[in-house]
Amino acid sequence: MPSKATQTTTTEIITANRLGDGLVIFLTTTGWSANINAAEVSETKDATAVLLARAEADAGNVVGPYAVAVTRQADGSLHAQKYREALRTRGPSVRTDLGYQAA
Amino acid sequence: MYVYDELDRGLVEDRVEEFRDQVRRRISGELTEEQFRPLRLMNGLYLQLHAYMLRVAVPYGVLSSVQMRKLARIARVYDRGYGHFTTRQNIQFNWPKLEETPDLLAELAEVEMHAIQTSGNCIRNTTADQFAGAAADELEDPRIWCEIIRQWSTFHPEFTFLPRKFKIAVTGAVSDRAAIKVHDIGIVLVQGETGETGFEIWAGGGLGRTPMIAKKIRDFLPAADLLSYLEAMLRVYNRFGRRDNKYKARIKILVHEIGADTYRDAVEAEWADIRHGALALPDQEIRRIRDAFAPPAFAALPVSSTGFEARKFEDRAFARWVATNVRRHKAPGYAIANISLKPVGGIPGDATAEQMDAVAGYADRWSFGEIRVAHEQNLVLPHVRQDDLYDLWLALGSVELDTPNIGTIGDIIACPGMDYCSLATARSIPVAQQISERFADLDRLHDIGSVSLNISGCINACGHHHVGNIGILGVDKKGEEFYQITLGGQADENAAIGRIIGPGFPADEIVGAIETIIETYLSVRQDGEAFIATLNRLGQTPFKEKLYGTA
């Protein structure tokens with residue numbers, strides 16, 4: 001679908017939890033990052049499957065990889081579409097001193 | 001309190017070392033996550049939304065001051081400085097590292113604690129009346145029997161892979177504070193015709209997506225037969241409980257489908273075979289455990305203290321705290337002090353390491369070193385002299401633990417919800433925070449009086465919403481948090497499942513809806529009538545009309 005005047009496009013990234021400390025991580029072109037904006041973005045289902053396979057091949061270091069729908073903002077940053085996933089990028093909404101949002 | 005013998009200690013220490021090896025093998029790649037996951041769950045280690053979560057067992061809600069200090073240390077050293085007391089009298093840490101968990105568990109083992117029976121399809125940690133051994137209305141201390149059940153159920157080889165998890169609760173008092181009728185098995189201590197101890201047995205209660213009140217299975221079970229009867233009950237469930245469908249696998253479904261009479265007949269038949277076998281409890285063993293729970297050395301005191309009465313007269317804030325947070329004790333001159341973990345705007349059940357240390361200190365000073373965890377997510381100092389209550393109250397105030405709201409609408413049970421839990425469909429904690437803020441005014445709070453409000457962030461009902469006088473269930477409605485209200489639930493001896501009052505409310509309307517319900521109650525209640533009594537007298541209609549209009 002051609003993008004219209006809206007400033008966002010819909011895409012997917014891969015997330016998981018790091019084995020050693022359980023923290024939320026995102027698959028990048030070179031490995032994993034705690035920063036969602038570093039995530040490698042897929043624009044198609046096929047590309048998502050390729051990314052997921054790469055994530056699963058790293059099962060010795062990560063737990064439970066899966067794809068998450070994100071929206072790219074006008075400034076280039078990535079935002080998870082579902083609230084649950086947005087919480088994972090930040091930390092508990094009731095403890096803003098904890099999780100990535102505290103950094 | 002019961003003190004571990006060599007067998008108990010060896011069991012827990014061996015488990016720590018076994019898990020240490022399993023963690024090592026997972027990290028080195030010898031074990032896949034698929035292989036490792038059930039192993040970590042058997043040690044209470046879940047993977048949640050943001051990190052691992054470790055659920056530590058607090059068997060039947062009993063903690064010593066030494067154990068509480070250890071929990072504070074765990075919070076400080078291995079976590080982020082706090083812990084969360086749960087609706088099953090346990091404590092959860094939200095940020096432990098897998099790599100550090102074996103050391104954490106080894107530290108817990110030093111104080112006879114562990115994370116065994118806090119996950120998986122086994123017999124879970126047994127829960128009990130948080131006032132056990134202290135309540136004025138108690139027939140006998142349920143901890144004795146909880147401990148006997150603990151020893152029988154821990155690593156029970158036959159019941160390690162049940163169709164589903166299995167929860168037992170025990171009360172020894174007239175008022176049921178342990179919610180025994182919404183447990184897989186509920187046990188009520190009763191006296192036989194000649195005054196001997198026995199048990200009334202209930203089965204098939206539960207919450208979750210199919211809430212049910214337990215059915216009575218036996219009027220009187222002699223004390224010596226407790227374990228053989230439980231074994232028979234579990235065996236019948238293990239054999240006939242459904243394994244084809246996770247949502248139909250709890251014993252409540254079995255008892256409901258075949259009927260309580262058929263279930264009872266099967267149990268009695270099984271029991272007849274094993275009643276006089278190895279599980280019959282010898283008197284001396286019962287005595288050994290009973291001695292472990294002998295009452296502390298209470299001083300001989302007058303029934304009431306004039307100093308205490310005078311303090312209440314002089315200090316209205318203290319009197320208010322006493323009215324909500326203090327309960328009658330069986331020993332003259334003593335009282336049960338409830339410590340609310342529900343500060344206005346706070347997170348229900350959370351306590352900081354500093355607060356845990358402080359409570360441990362108060363327990364040493366004023367309560368024989370004993371602490372209890374209530375399934376309502378509060379703490380209890382079970383044995384406080386009435387004369388010491390004022391000093392205790394002042395001390396609690398210094399660590400923000402003096403909220404006078406036990407049993408009120410501010411005393412909200414709430415699961416962690418989507419802020420922490422990977423199963424949740426909506427957040428629970430922010431709703432609890434907003435409701436407690438809306439009802440922060442103490443005059444209003446105390447005027448409203450006794451009402452239970454329970455919130456769950458998904459259908460699994462960890463927040464016990466079905467049995468709250470007011471229940472709130474958070475659901476996901478097309479990506480938005482939505483909240484359904486049930487009215488009429490009760491978790492006590494008159495256990496009842498609440499009924500949905502009507503369509504749910506979005507997050508920004510739920511607090512207003514609760515206020516409408518409370519205002520309606522205040523406008524129609526009779527003198528001295530609690531919320532649940534008014535609701536039971538009038539039904540849902542007046543509340544429905546105010547919430548949704550008369551159309």
# chains A, B, ... in the order shown; residues from 1 in each chain; ligands from 1
call {"tool": "residues_around", "arguments": {"residues": "Ala203 (chain B)", "least_positions_apart": "2", "cutoff": "10 Å", "atoms": "only C-alpha atoms", "output": "list in words"}}
result
Ile168, Ile180, Lys181, Val182, His183, Asp184, Ile185, Gly186, Ile187, Ile201, Gly205, Gly206, Ile213, Ala214, Lys215, Lys216, Ile217, Arg218, Met233, Ile251, Lys252, Val255, Ala260, Tyr263 and Arg264 of chain B
call {"tool": "closest_atom_pairs", "arguments": {"of": "chain B", "to": "chain A", "cutoff": "10 Å", "atoms": "only C-alpha atoms", "output": "CSV"}}
result
residue,atom,partner,partner_atom,distance
B:Val23,CA,A:Gly20,CA,9.6
B:Arg26,CA,A:Gly60,CA,7.8
B:Ile27,CA,A:Gly60,CA,7.1
B:Ser28,CA,A:Gly60,CA,7.8
B:Gly29,CA,A:Gly60,CA,5.5
B:Glu30,CA,A:Gly60,CA,8.9
B:Leu31,CA,A:Gly60,CA,8.6
B:Thr32,CA,A:Gly60,CA,7.1
B:Glu33,CA,A:Val63,CA,6.9
B:Glu34,CA,A:Val63,CA,9.6
B:Arg37,CA,A:Val63,CA,9.8
B:Tyr46,CA,A:Gly22,CA,9.8
B:Leu47,CA,A:Gly22,CA,7.0
B:Gln48,CA,A:Gly22,CA,8.3
B:Leu49,CA,A:Arg88,CA,6.2
B:His50,CA,A:Leu23,CA,5.7
B:Ala51,CA,A:Gly22,CA,4.3
B:Tyr52,CA,A:Gly22,CA,5.2
B:Met53,CA,A:Gly22,CA,9.0
B:Arg80,CA,A:Leu98,CA,8.2
B:Trp95,CA,A:Asp21,CA,8.1
B:Pro96,CA,A:Asp21,CA,7.0
B:Lys97,CA,A:Asp21,CA,4.1
B:Leu98,CA,A:Gly20,CA,5.3
B:Glu99,CA,A:Gly20,CA,5.7
B:Glu100,CA,A:Asp21,CA,8.6
B:Thr101,CA,A:Asp21,CA,9.8
B:Gly346,CA,A:Val94,CA,9.0
B:Ile347,CA,A:Val94,CA,7.9
B:Pro416,CA,A:Pro92,CA,9.8
B:Gly417,CA,A:Pro92,CA,9.9
B:Met418,CA,A:Arg84,CA,6.9
B:Asp419,CA,A:Pro92,CA,4.6
B:Tyr420,CA,A:Pro92,CA,6.3
B:Cys421,CA,A:Arg84,CA,9.7
B:Ser422,CA,A:Arg84,CA,8.5
B:Ala424,CA,A:Arg84,CA,8.8
B:Thr425,CA,A:Arg84,CA,8.3
B:Ala426,CA,A:Arg84,CA,8.5
B:Arg427,CA,A:Ser93,CA,9.0
B:Ile429,CA,A:Val94,CA,7.2
B:Pro430,CA,A:Val94,CA,6.7
B:Gln433,CA,A:Val94,CA,9.1
B:Gly479,CA,A:Lys82,CA,6.8
B:Glu480,CA,A:Tyr83,CA,8.4
B:Glu481,CA,A:Tyr83,CA,9.2
call {"tool": "residues_around", "arguments": {"residues": "region 112-117 of chain B", "least_positions_apart": "3", "cutoff": "7 Å", "atoms": "only C-alpha atoms", "output": "PyMOL selection string"}}
result
chain B and resi 4+12+42-44+55-57+105+108-109+122-125
call {"tool": "write_last_selection", "arguments": {"atoms": "N, CA and C atoms", "output": "PDB file, in the first residue's frame"}}
result
ATOM      1  N   TYR B   4      13.422 -26.123  61.069  1.00  0.00           N
ATOM      2  CA  TYR B   4      13.821 -27.218  60.192  1.00  0.00           C
ATOM      3  C   TYR B   4      14.635 -28.265  60.953  1.00  0.00           C
ATOM      4  N   VAL B  12      16.274 -28.703  51.150  1.00  0.00           N
ATOM      5  CA  VAL B  12      16.314 -27.359  50.561  1.00  0.00           C
ATOM      6  C   VAL B  12      17.717 -27.057  50.022  1.00  0.00           C
ATOM      7  N   MET B  42      10.066 -24.855  38.526  1.00  0.00           N
ATOM      8  CA  MET B  42      10.000 -25.650  39.758  1.00  0.00           C
ATOM      9  C   MET B  42      10.753 -24.971  40.901  1.00  0.00           C
ATOM     10  N   ASN B  43      11.527 -23.961  40.551  1.00  0.00           N
ATOM     11  CA  ASN B  43      12.238 -23.196  41.569  1.00  0.00           C
ATOM     12  C   ASN B  43      11.722 -21.759  41.646  1.00  0.00           C
ATOM     13  N   GLY B  44      10.489 -21.585  41.217  1.00  0.00           N
ATOM     14  CA  GLY B  44       9.818 -20.298  41.413  1.00  0.00           C
ATOM     15  C   GLY B  44      10.263 -19.177  40.512  1.00  0.00           C
ATOM     16  N   ARG B  55       9.349 -15.996  42.776  1.00  0.00           N
ATOM     17  CA  ARG B  55       8.315 -16.079  43.810  1.00  0.00           C
ATOM     18  C   ARG B  55       8.835 -16.938  44.957  1.00  0.00           C
ATOM     19  N   VAL B  56       8.991 -16.343  46.105  1.00  0.00           N
ATOM     20  CA  VAL B  56       9.512 -17.039  47.270  1.00  0.00           C
ATOM     21  C   VAL B  56       8.348 -17.463  48.159  1.00  0.00           C
ATOM     22  N   ALA B  57       8.389 -18.713  48.587  1.00  0.00           N
ATOM     23  CA  ALA B  57       7.304 -19.233  49.421  1.00  0.00           C
ATOM     24  C   ALA B  57       7.392 -18.676  50.837  1.00  0.00           C
ATOM     25  N   LEU B 105      19.032 -18.052  46.213  1.00  0.00           N
ATOM     26  CA  LEU B 105      18.339 -19.173  46.856  1.00  0.00           C
ATOM     27  C   LEU B 105      19.176 -19.763  47.997  1.00  0.00           C
ATOM     28  N   LEU B 108      18.538 -17.657  50.930  1.00  0.00           N
ATOM     29  CA  LEU B 108      17.224 -17.961  51.504  1.00  0.00           C
ATOM     30  C   LEU B 108      17.279 -19.247  52.339  1.00  0.00           C
ATOM     31  N   ALA B 109      18.007 -20.235  51.816  1.00  0.00           N
ATOM     32  CA  ALA B 109      18.096 -21.519  52.525  1.00  0.00           C
ATOM     33  C   ALA B 109      18.714 -21.351  53.911  1.00  0.00           C
ATOM     34  N   CYS B 122       1.913 -28.733  40.822  1.00  0.00           N
ATOM     35  CA  CYS B 122       2.125 -29.500  42.041  1.00  0.00           C
ATOM     36  C   CYS B 122       1.192 -28.957  43.121  1.00  0.00           C
ATOM     37  N   ILE B 123       1.297 -29.528  44.320  1.00  0.00           N
ATOM     38  CA  ILE B 123       0.565 -28.960  45.452  1.00  0.00           C
ATOM     39  C   ILE B 123       1.327 -27.709  45.869  1.00  0.00           C
ATOM     40  N   ARG B 124       0.698 -26.570  45.722  1.00  0.00           N
ATOM     41  CA  ARG B 124       1.376 -25.317  46.008  1.00  0.00           C
ATOM     42  C   ARG B 124       1.471 -25.082  47.514  1.00  0.00           C
ATOM     43  N   ASN B 125       2.222 -24.051  47.814  1.00  0.00           N
ATOM     44  CA  ASN B 125       2.381 -23.602  49.189  1.00  0.00           C
ATOM     45  C   ASN B 125       1.009 -23.458  49.868  1.00  0.00           C
TER      46      ASN B 125
END
call {"tool": "closest_residue", "arguments": {"among": "B:Glu193, B:Glu519, B:Asp476, B:Glu354", "to": "Phe505 (chain B)", "atoms": "only C-alpha atoms"}}
result
B:Asp476
call {"tool": "select_by_dssp", "arguments": {"residues": "chain A", "states": "alpha helix (DSSP H)", "output": "VMD selection string"}}
result
chain A and resid 45 to 56 83 to 90
call {"tool": "write_last_selection", "arguments": {"atoms": "C-alpha atoms", "output": "PDB file, in the first residue's frame"}}
result
ATOM      1  CA  LYS A  45       6.315 -11.001   6.402  1.00  0.00           C
ATOM      2  CA  ASP A  46       9.155 -12.828   4.669  1.00  0.00           C
ATOM      3  CA  ALA A  47      11.712 -10.456   6.099  1.00  0.00           C
ATOM      4  CA  THR A  48      10.210 -10.912   9.570  1.00  0.00           C
ATOM      5  CA  ALA A  49      10.548 -14.681   9.216  1.00  0.00           C
ATOM      6  CA  VAL A  50      14.221 -14.286   8.310  1.00  0.00           C
ATOM      7  CA  LEU A  51      14.834 -12.057  11.325  1.00  0.00           C
ATOM      8  CA  LEU A  52      12.968 -14.424  13.633  1.00  0.00           C
ATOM      9  CA  ALA A  53      15.020 -17.367  12.396  1.00  0.00           C
ATOM     10  CA  ARG A  54      18.201 -15.419  13.115  1.00  0.00           C
ATOM     11  CA  ALA A  55      16.928 -14.604  16.615  1.00  0.00           C
ATOM     12  CA  GLU A  56      15.998 -18.203  17.312  1.00  0.00           C
ATOM     13  CA  TYR A  83       0.576  -1.003  24.961  1.00  0.00           C
ATOM     14  CA  ARG A  84       2.044  -4.193  26.414  1.00  0.00           C
ATOM     15  CA  GLU A  85       5.026  -3.915  24.114  1.00  0.00           C
ATOM     16  CA  ALA A  86       5.375  -0.196  24.742  1.00  0.00           C
ATOM     17  CA  LEU A  87       5.576  -1.018  28.470  1.00  0.00           C
ATOM     18  CA  ARG A  88       8.360  -3.490  27.730  1.00  0.00           C
ATOM     19  CA  THR A  89      10.401  -0.749  26.075  1.00  0.00           C
ATOM     20  CA  ARG A  90      10.003   1.490  29.134  1.00  0.00           C
TER      21      ARG A  90
END
call {"tool": "atom_distance", "arguments": {"atom1": "CA of Glu196 (chain B)", "atom2": "CA of Leu281 (chain B)"}}
result
14.7 Å
call {"tool": "atom_distance", "arguments": {"atom1": "CA of Glu107 (chain B)", "atom2": "CA of Arg150 (chain B)"}}
result
20.9 Å
call {"tool": "closest_residue", "arguments": {"among": "B:Arg9, B:His466, B:His446, B:Lys477", "to": "Val322 (chain B)", "atoms": "only C-alpha atoms"}}
result
B:His446
call {"tool": "closest_residue", "arguments": {"among": "B:Phe298, B:Trp393, B:Trp145, B:Phe220", "to": "Gly192 (chain B)", "atoms": "only C-alpha atoms"}}
result
B:Phe220
call {"tool": "residues_around", "arguments": {"residues": "region 355-359 of chain B", "least_positions_apart": "2", "cutoff": "12 Å", "atoms": "only C-alpha atoms", "output": "mmCIF file with N, CA and C atoms, in the first residue's frame"}}
result
data_model
loop_
_atom_site.group_PDB
_atom_site.id
_atom_site.type_symbol
_atom_site.label_atom_id
_atom_site.label_comp_id
_atom_site.auth_asym_id
_atom_site.auth_seq_id
_atom_site.Cartn_x
_atom_site.Cartn_y
_atom_site.Cartn_z
ATOM 1 N N LEU B 63 6.363 -15.630 58.946
ATOM 2 C CA LEU B 63 7.748 -15.174 58.811
ATOM 3 C C LEU B 63 8.306 -14.842 60.182
ATOM 4 N N SER B 64 9.559 -15.175 60.390
ATOM 5 C CA SER B 64 10.256 -14.686 61.579
ATOM 6 C C SER B 64 10.931 -13.369 61.215
ATOM 7 N N SER B 65 11.341 -12.637 62.236
ATOM 8 C CA SER B 65 12.048 -11.383 61.965
ATOM 9 C C SER B 65 13.356 -11.654 61.219
ATOM 10 N N VAL B 66 13.976 -12.779 61.520
ATOM 11 C CA VAL B 66 15.225 -13.133 60.836
ATOM 12 C C VAL B 66 14.958 -13.340 59.341
ATOM 13 N N GLN B 67 13.866 -14.026 59.042
ATOM 14 C CA GLN B 67 13.517 -14.258 57.633
ATOM 15 C C GLN B 67 13.162 -12.950 56.931
ATOM 16 N N MET B 68 12.445 -12.082 57.632
ATOM 17 C CA MET B 68 12.073 -10.797 57.026
ATOM 18 C C MET B 68 13.321 -9.968 56.712
ATOM 19 N N ARG B 69 14.296 -10.001 57.620
ATOM 20 C CA ARG B 69 15.543 -9.269 57.350
ATOM 21 C C ARG B 69 16.252 -9.851 56.128
ATOM 22 N N LYS B 70 16.168 -11.155 55.987
ATOM 23 C CA LYS B 70 16.791 -11.775 54.811
ATOM 24 C C LYS B 70 16.080 -11.328 53.536
ATOM 25 N N LEU B 71 14.749 -11.242 53.594
ATOM 26 C CA LEU B 71 14.013 -10.774 52.415
ATOM 27 C C LEU B 71 14.419 -9.336 52.073
ATOM 28 N N ALA B 72 14.623 -8.539 53.114
ATOM 29 C CA ALA B 72 15.075 -7.156 52.884
ATOM 30 C C ALA B 72 16.437 -7.155 52.205
ATOM 31 N N ARG B 73 17.315 -8.024 52.678
ATOM 32 C CA ARG B 73 18.652 -8.111 52.074
ATOM 33 C C ARG B 73 18.576 -8.578 50.619
ATOM 34 N N ILE B 74 17.720 -9.568 50.367
ATOM 35 C CA ILE B 74 17.540 -10.048 48.989
ATOM 36 C C ILE B 74 17.086 -8.889 48.102
ATOM 37 N N ALA B 75 16.119 -8.124 48.613
ATOM 38 C CA ALA B 75 15.593 -6.987 47.839
ATOM 39 C C ALA B 75 16.712 -6.009 47.504
ATOM 40 N N ARG B 76 17.564 -5.792 48.474
ATOM 41 C CA ARG B 76 18.626 -4.794 48.332
ATOM 42 C C ARG B 76 19.763 -5.288 47.422
ATOM 43 N N GLY B 81 15.478 -3.196 45.535
ATOM 44 C CA GLY B 81 15.163 -2.523 46.794
ATOM 45 C C GLY B 81 13.737 -2.670 47.289
ATOM 46 N N TYR B 82 12.983 -3.582 46.687
ATOM 47 C CA TYR B 82 11.624 -3.803 47.177
ATOM 48 C C TYR B 82 11.155 -5.207 46.829
ATOM 49 N N GLY B 83 10.043 -5.603 47.443
ATOM 50 C CA GLY B 83 9.405 -6.878 47.136
ATOM 51 C C GLY B 83 7.902 -6.668 47.100
ATOM 52 N N HIS B 84 7.214 -7.667 46.553
ATOM 53 C CA HIS B 84 5.764 -7.564 46.397
ATOM 54 C C HIS B 84 5.096 -8.754 47.088
ATOM 55 N N PHE B 85 4.332 -8.484 48.152
ATOM 56 C CA PHE B 85 3.609 -9.556 48.845
ATOM 57 C C PHE B 85 2.341 -9.880 48.060
ATOM 58 N N ILE B 91 6.013 -13.852 48.558
ATOM 59 C CA ILE B 91 6.632 -12.586 48.151
ATOM 60 C C ILE B 91 7.311 -12.783 46.802
ATOM 61 N N ALA B 337 -1.927 -6.652 65.477
ATOM 62 C CA ALA B 337 -1.749 -5.389 64.749
ATOM 63 C C ALA B 337 -1.530 -5.660 63.263
ATOM 64 N N ASN B 338 -2.437 -5.149 62.455
ATOM 65 C CA ASN B 338 -2.295 -5.274 60.999
ATOM 66 C C ASN B 338 -1.510 -4.089 60.455
ATOM 67 N N ILE B 339 -0.560 -4.383 59.594
ATOM 68 C CA ILE B 339 0.230 -3.335 58.958
ATOM 69 C C ILE B 339 -0.217 -3.242 57.506
ATOM 70 N N SER B 340 -0.838 -2.138 57.164
ATOM 71 C CA SER B 340 -1.356 -1.970 55.807
ATOM 72 C C SER B 340 -0.225 -1.711 54.818
ATOM 73 N N LEU B 341 -0.199 -2.500 53.741
ATOM 74 C CA LEU B 341 0.720 -2.222 52.628
ATOM 75 C C LEU B 341 -0.053 -1.544 51.501
ATOM 76 N N GLY B 349 0.637 -4.191 48.288
ATOM 77 C CA GLY B 349 1.512 -5.319 48.564
ATOM 78 C C GLY B 349 2.998 -5.036 48.467
ATOM 79 N N ASP B 350 3.377 -3.879 47.939
ATOM 80 C CA ASP B 350 4.807 -3.586 47.831
ATOM 81 C C ASP B 350 5.376 -3.094 49.164
ATOM 82 N N ALA B 351 6.586 -3.539 49.465
ATOM 83 C CA ALA B 351 7.293 -3.042 50.639
ATOM 84 C C ALA B 351 8.752 -2.837 50.269
ATOM 85 N N THR B 352 9.333 -1.750 50.738
ATOM 86 C CA THR B 352 10.743 -1.517 50.464
ATOM 87 C C THR B 352 11.600 -2.327 51.436
ATOM 88 N N ALA B 353 12.876 -2.475 51.088
ATOM 89 C CA ALA B 353 13.809 -3.183 51.974
ATOM 90 C C ALA B 353 13.851 -2.498 53.338
ATOM 91 N N GLY B 361 12.301 -5.326 62.950
ATOM 92 C CA GLY B 361 12.673 -4.729 64.232
ATOM 93 C C GLY B 361 11.478 -4.595 65.172
ATOM 94 N N TYR B 362 10.355 -4.155 64.630
ATOM 95 C CA TYR B 362 9.151 -4.017 65.467
ATOM 96 C C TYR B 362 8.687 -5.378 65.975
ATOM 97 N N ALA B 363 8.826 -6.400 65.112
ATOM 98 C CA ALA B 363 8.431 -7.749 65.521
ATOM 99 C C ALA B 363 9.295 -8.213 66.692
ATOM 100 N N ASP B 364 10.597 -7.952 66.598
ATOM 101 C CA ASP B 364 11.483 -8.341 67.699
ATOM 102 C C ASP B 364 11.125 -7.606 68.980
ATOM 103 N N ARG B 365 10.815 -6.339 68.819
ATOM 104 C CA ARG B 365 10.579 -5.519 70.001
ATOM 105 C C ARG B 365 9.208 -5.778 70.629
ATOM 106 N N TRP B 366 8.199 -6.008 69.785
ATOM 107 C CA TRP B 366 6.832 -6.002 70.311
ATOM 108 C C TRP B 366 6.001 -7.241 69.987
ATOM 109 N N SER B 367 6.530 -8.199 69.197
ATOM 110 C CA SER B 367 5.663 -9.318 68.801
ATOM 111 C C SER B 367 6.400 -10.657 68.782
ATOM 112 N N GLY B 369 9.108 -11.543 67.791
ATOM 113 C CA GLY B 369 9.842 -11.853 66.561
ATOM 114 C C GLY B 369 8.987 -12.457 65.458
ATOM 115 N N GLU B 370 7.649 -12.440 65.637
ATOM 116 C CA GLU B 370 6.766 -13.082 64.651
ATOM 117 C C GLU B 370 6.072 -12.071 63.745
ATOM 118 N N ILE B 371 5.977 -12.453 62.474
ATOM 119 C CA ILE B 371 5.304 -11.637 61.454
ATOM 120 C C ILE B 371 4.435 -12.577 60.616
ATOM 121 N N ARG B 372 3.341 -12.061 60.136
ATOM 122 C CA ARG B 372 2.501 -12.839 59.216
ATOM 123 C C ARG B 372 2.258 -12.030 57.945
ATOM 124 N N VAL B 373 2.032 -12.779 56.871
ATOM 125 C CA VAL B 373 1.616 -12.162 55.616
ATOM 126 C C VAL B 373 0.157 -12.544 55.390
ATOM 127 N N ASN B 378 -1.198 -7.664 53.064
ATOM 128 C CA ASN B 378 -0.752 -6.846 54.186
ATOM 129 C C ASN B 378 0.127 -7.686 55.099
ATOM 130 N N LEU B 379 0.756 -7.016 56.078
ATOM 131 C CA LEU B 379 1.552 -7.723 57.077
ATOM 132 C C LEU B 379 0.827 -7.653 58.418
ATOM 133 N N VAL B 380 1.220 -8.563 59.310
ATOM 134 C CA VAL B 380 0.581 -8.642 60.618
ATOM 135 C C VAL B 380 1.650 -8.851 61.686
ATOM 136 N N LEU B 381 1.554 -8.103 62.765
ATOM 137 C CA LEU B 381 2.307 -8.453 63.973
ATOM 138 C C LEU B 381 1.291 -9.115 64.897
ATOM 139 N N LEU B 392 4.150 1.272 68.825
ATOM 140 C CA LEU B 392 4.225 0.587 67.531
ATOM 141 C C LEU B 392 3.653 1.482 66.438
ATOM 142 N N TRP B 393 2.515 2.069 66.717
ATOM 143 C CA TRP B 393 1.857 2.936 65.724
ATOM 144 C C TRP B 393 2.751 4.123 65.351
ATOM 145 N N ALA B 395 5.991 4.207 65.545
ATOM 146 C CA ALA B 395 7.123 3.666 64.782
ATOM 147 C C ALA B 395 6.703 3.374 63.342
ATOM 148 N N LEU B 396 5.527 2.773 63.167
ATOM 149 C CA LEU B 396 5.039 2.467 61.817
ATOM 150 C C LEU B 396 4.903 3.752 60.996
ATOM 151 N N GLY B 397 4.479 4.813 61.665
ATOM 152 C CA GLY B 397 4.333 6.093 60.972
ATOM 153 C C GLY B 397 5.655 6.599 60.429
ATOM 154 N N SER B 398 6.734 6.284 61.109
ATOM 155 C CA SER B 398 8.042 6.778 60.676
ATOM 156 C C SER B 398 8.518 6.114 59.388
ATOM 157 N N VAL B 399 7.902 4.983 59.032
ATOM 158 C CA VAL B 399 8.270 4.315 57.767
ATOM 159 C C VAL B 399 7.054 4.187 56.840
ATOM 160 N N GLU B 400 6.086 5.067 57.057
ATOM 161 C CA GLU B 400 4.894 5.135 56.196
ATOM 162 C C GLU B 400 4.149 3.810 56.117
ATOM 163 N N LEU B 401 4.019 3.176 57.276
ATOM 164 C CA LEU B 401 3.273 1.918 57.331
ATOM 165 C C LEU B 401 2.086 2.020 58.298
ATOM 166 N N ASP B 402 1.606 3.223 58.517
ATOM 167 C CA ASP B 402 0.534 3.402 59.510
ATOM 168 C C ASP B 402 -0.811 3.743 58.874
#
call {"tool": "residues_around", "arguments": {"residues": "Leu78 (chain A)", "least_positions_apart": "2", "cutoff": "12 Å", "atoms": "only C-alpha atoms", "output": "list in words"}}
result
Thr8, Thr9, Thr10, Thr11, Glu12, Ile13, Phe26, Asn35, Ile36, Asn37, Ala38, Ala39, Glu40, Val41, Val68, Ala69, Val70, Thr71, Arg72, Gln73, Ala74, Asp75, Gly76, Ala80, Gln81, Glu85, Ala86 and Thr89 of chain A
call {"tool": "atom_distance", "arguments": {"atom1": "CA of Thr520 (chain B)", "atom2": "CA of Lys544 (chain B)"}}
result
9.7 Å
call {"tool": "decode", "arguments": {"residues": "region 63-72 of chain A", "atoms": "N, CA and C atoms", "output": "compact mmCIF listing (two decimals), in the first residue's frame"}}
result
# COMPACT_ATOMS: atom_id res chain seq x y z
N VAL A 63 15.82 -15.53 25.33
CA VAL A 63 14.64 -16.35 25.62
C VAL A 63 13.43 -15.79 24.88
N GLY A 64 12.72 -16.70 24.22
CA GLY A 64 11.41 -16.40 23.67
C GLY A 64 11.31 -15.28 22.66
N PRO A 65 12.12 -15.28 21.59
CA PRO A 65 11.98 -14.19 20.60
C PRO A 65 10.64 -14.22 19.88
N TYR A 66 10.11 -13.05 19.58
CA TYR A 66 8.88 -12.94 18.80
C TYR A 66 8.84 -11.58 18.12
N ALA A 67 7.95 -11.49 17.11
CA ALA A 67 7.85 -10.26 16.33
C ALA A 67 6.85 -9.30 16.96
N VAL A 68 7.17 -8.01 16.86
CA VAL A 68 6.33 -6.96 17.44
C VAL A 68 6.06 -5.90 16.37
N ALA A 69 4.81 -5.50 16.25
CA ALA A 69 4.47 -4.44 15.29
C ALA A 69 4.87 -3.09 15.87
N VAL A 70 5.56 -2.32 15.06
CA VAL A 70 6.00 -0.99 15.51
C VAL A 70 5.58 0.06 14.48
N THR A 71 5.60 1.27 14.91
CA THR A 71 5.33 2.40 14.02
C THR A 71 6.55 3.30 14.03
N ARG A 72 6.98 3.67 12.82
CA ARG A 72 8.12 4.59 12.77
C ARG A 72 7.60 6.03 12.80
